[in-house]
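What follows is one structure encoded as structure tokens, with my remarks underneath.
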Amino acid sequence: MSANDALSFLMAWTVAPFRIGSVTPSSSSLAALMTRDIGPETGPVLELGPGTGPFTRALLSRGVREEDLTLIESDPDFAALLERRFPLARIFEMDAVGLRHLSSLFPGLLAGAAVSGLPFRLISPRKTLAILEGVFANLRPGGVLYQFTLGRRCPFDQSLLDRLDLEVTRVGHTFRNFPPATVYRVSMIKTVSTYDWRVA
């Protein structure tokens, strides 16, 4: 992490602590954990709240093409920084809540994965519901969302997951982040298309 990135993040957090959620950018250790199951075969990747781009850089190092990245960033300073650093990526300066209103976010294939740096513990249930609806509307079948949280508890309430037919799997935890963080994989529950009472 560069000193400039750390300073930019601290200044943004000072202005809007509930939107930024952390005083420092995510560490390379957390970025590696968030992106370890993603590669060029994943296809397009959606990233929410990239900030200064630690997860974006990790995705590129995993082989994801820059032009396959779509970044959603609400902070105008971070969005401008991302445009300079990742000129081939598609960058939208917007609140992630608006995702559900973008029916054609991906002109070709839908995304194979989404990576989120949003502080869902600080986001209302109503907004969280809207964001998750938007994310999964832009993921192809089998696509997953990777979300980290500071601490060990899942940032999504079970009632919300049940409402959207989502399930969560814990990917791992890293102490090499300030504060320590846990990564979760969120996916649609696979439903059985037919029910045979004879084998129930």
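In the structure tokens, the first chain shown is A, the next is B, and so on; residue numbers restart at 1 for each chain, and ligands run from 1 in the order shown.
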
Quiz item: as a ChimeraX atom specification, which residues of region 4-196 of chain A does DSSP assign to alpha helix (DSSP H)?
Solution: /A:4-15,17-20,28-35,54-61,76-85,125-137,158-164

Exercise. Report as an NGL selection string: the residues of region 16-186 of chain A with a DSSP assignment of strand (DSSP E), based on the backbone of this structure.
Key: :A and (45-48 or 69-73 or 90-93 or 111-116 or 139-150 or 166-174 or 181-186)

Selected residues, C-alpha atoms, written as a PDB file, in the first residue's frame, please.
```pdb
ATOM      1  CA  VAL A  45     -15.984  -9.346 -12.999  1.00  0.00           C
ATOM      2  CA  LEU A  46     -18.022  -6.719 -11.161  1.00  0.00           C
ATOM      3  CA  GLU A  47     -16.351  -4.825  -8.317  1.00  0.00           C
ATOM      4  CA  LEU A  48     -18.237  -2.708  -5.786  1.00  0.00           C
ATOM      5  CA  LEU A  69     -13.584  -5.308 -15.115  1.00  0.00           C
ATOM      6  CA  THR A  70     -16.588  -3.141 -14.264  1.00  0.00           C
ATOM      7  CA  LEU A  71     -15.988  -0.950 -11.210  1.00  0.00           C
ATOM      8  CA  ILE A  72     -18.772   0.748  -9.231  1.00  0.00           C
ATOM      9  CA  GLU A  73     -17.426   3.594  -7.093  1.00  0.00           C
ATOM     10  CA  ARG A  90     -15.426   0.333 -17.233  1.00  0.00           C
ATOM     11  CA  ILE A  91     -15.924   2.669 -14.276  1.00  0.00           C
ATOM     12  CA  PHE A  92     -19.292   3.928 -13.068  1.00  0.00           C
ATOM     13  CA  GLU A  93     -19.363   6.755 -10.533  1.00  0.00           C
ATOM     14  CA  ALA A 111     -20.339 -11.366 -14.870  1.00  0.00           C
ATOM     15  CA  GLY A 112     -18.952 -14.600 -13.502  1.00  0.00           C
ATOM     16  CA  ALA A 113     -18.130 -13.066 -10.122  1.00  0.00           C
ATOM     17  CA  ALA A 114     -18.508  -9.929  -8.052  1.00  0.00           C
ATOM     18  CA  VAL A 115     -16.071  -8.596  -5.460  1.00  0.00           C
ATOM     19  CA  SER A 116     -17.280  -6.153  -2.841  1.00  0.00           C
ATOM     20  CA  LEU A 139     -24.285 -12.382 -12.436  1.00  0.00           C
ATOM     21  CA  ARG A 140     -24.728 -15.381 -14.702  1.00  0.00           C
ATOM     22  CA  PRO A 141     -26.084 -18.639 -13.199  1.00  0.00           C
ATOM     23  CA  GLY A 142     -23.451 -20.004 -10.829  1.00  0.00           C
ATOM     24  CA  GLY A 143     -21.838 -16.584 -10.396  1.00  0.00           C
ATOM     25  CA  VAL A 144     -20.832 -15.651  -6.854  1.00  0.00           C
ATOM     26  CA  LEU A 145     -20.223 -12.570  -4.738  1.00  0.00           C
ATOM     27  CA  TYR A 146     -17.112 -12.308  -2.555  1.00  0.00           C
ATOM     28  CA  GLN A 147     -17.588 -10.023   0.441  1.00  0.00           C
ATOM     29  CA  PHE A 148     -15.268  -9.236   3.318  1.00  0.00           C
ATOM     30  CA  THR A 149     -16.127  -7.943   6.748  1.00  0.00           C
ATOM     31  CA  LEU A 150     -13.992  -6.623   9.573  1.00  0.00           C
ATOM     32  CA  LEU A 166     -28.874 -16.870  -1.029  1.00  0.00           C
ATOM     33  CA  GLU A 167     -26.400 -18.946   0.947  1.00  0.00           C
ATOM     34  CA  VAL A 168     -23.082 -17.951   2.488  1.00  0.00           C
ATOM     35  CA  THR A 169     -19.828 -19.881   2.827  1.00  0.00           C
ATOM     36  CA  ARG A 170     -16.871 -18.685   4.863  1.00  0.00           C
ATOM     37  CA  VAL A 171     -13.771 -18.514   2.638  1.00  0.00           C
ATOM     38  CA  GLY A 172     -11.168 -17.570   5.236  1.00  0.00           C
ATOM     39  CA  HIS A 173      -9.777 -15.037   7.683  1.00  0.00           C
ATOM     40  CA  THR A 174      -6.659 -12.887   7.646  1.00  0.00           C
ATOM     41  CA  ALA A 181     -10.973  -9.415   8.146  1.00  0.00           C
ATOM     42  CA  THR A 182     -13.050 -12.424   7.125  1.00  0.00           C
ATOM     43  CA  VAL A 183     -14.090 -13.251   3.553  1.00  0.00           C
ATOM     44  CA  TYR A 184     -17.417 -14.847   2.603  1.00  0.00           C
ATOM     45  CA  ARG A 185     -18.734 -16.317  -0.659  1.00  0.00           C
ATOM     46  CA  VAL A 186     -22.394 -15.550  -1.380  1.00  0.00           C
TER      47      VAL A 186
END
```

Exercise. May I ask for the distance between CA of Val64 (chain A) and CA of Phe106 (chain A), given in Å to one decimal place?
Key: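 Computed distance, CA of Val64 (chain A) to CA of Phe106 (chain A), equals 15.7 Å.
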
Practice problem: For Pro125 (chain A), list every protein, DNA or RNA residue within 9 Å, evaluated using only C-alpha atoms, and leave out those in the same chain fewer than 6 positions away; present the list as a list in words. | Solution: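 Those residues are Phe156, Asp157 and Leu160 of chain A.
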
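With CA of Pro180 (chain A) on one side and CA of Ala31 (chain A) on the other, the separation reads 12.4 Å.
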
Quiz item: Which residue gives the smallest distance to Ile131 (chain A) among A:Gly108, A:Gly98, A:Gly53, A:Gly63, with only C-alpha atoms counted?
Solution: A:Gly98

Quiz prompt | Shortest interatomic distance to Pro40 (chain A) - which of A:Arg153, A:Arg65, A:His101, A:Arg57, counting only C-alpha atoms | solution =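 Among the listed residues, the smallest separation from Pro40 (chain A) belongs to A:Arg65.
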
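For the pair CA of Gly134 (chain A) and CA of Pro76 (chain A), the separation is 21.1 Å.
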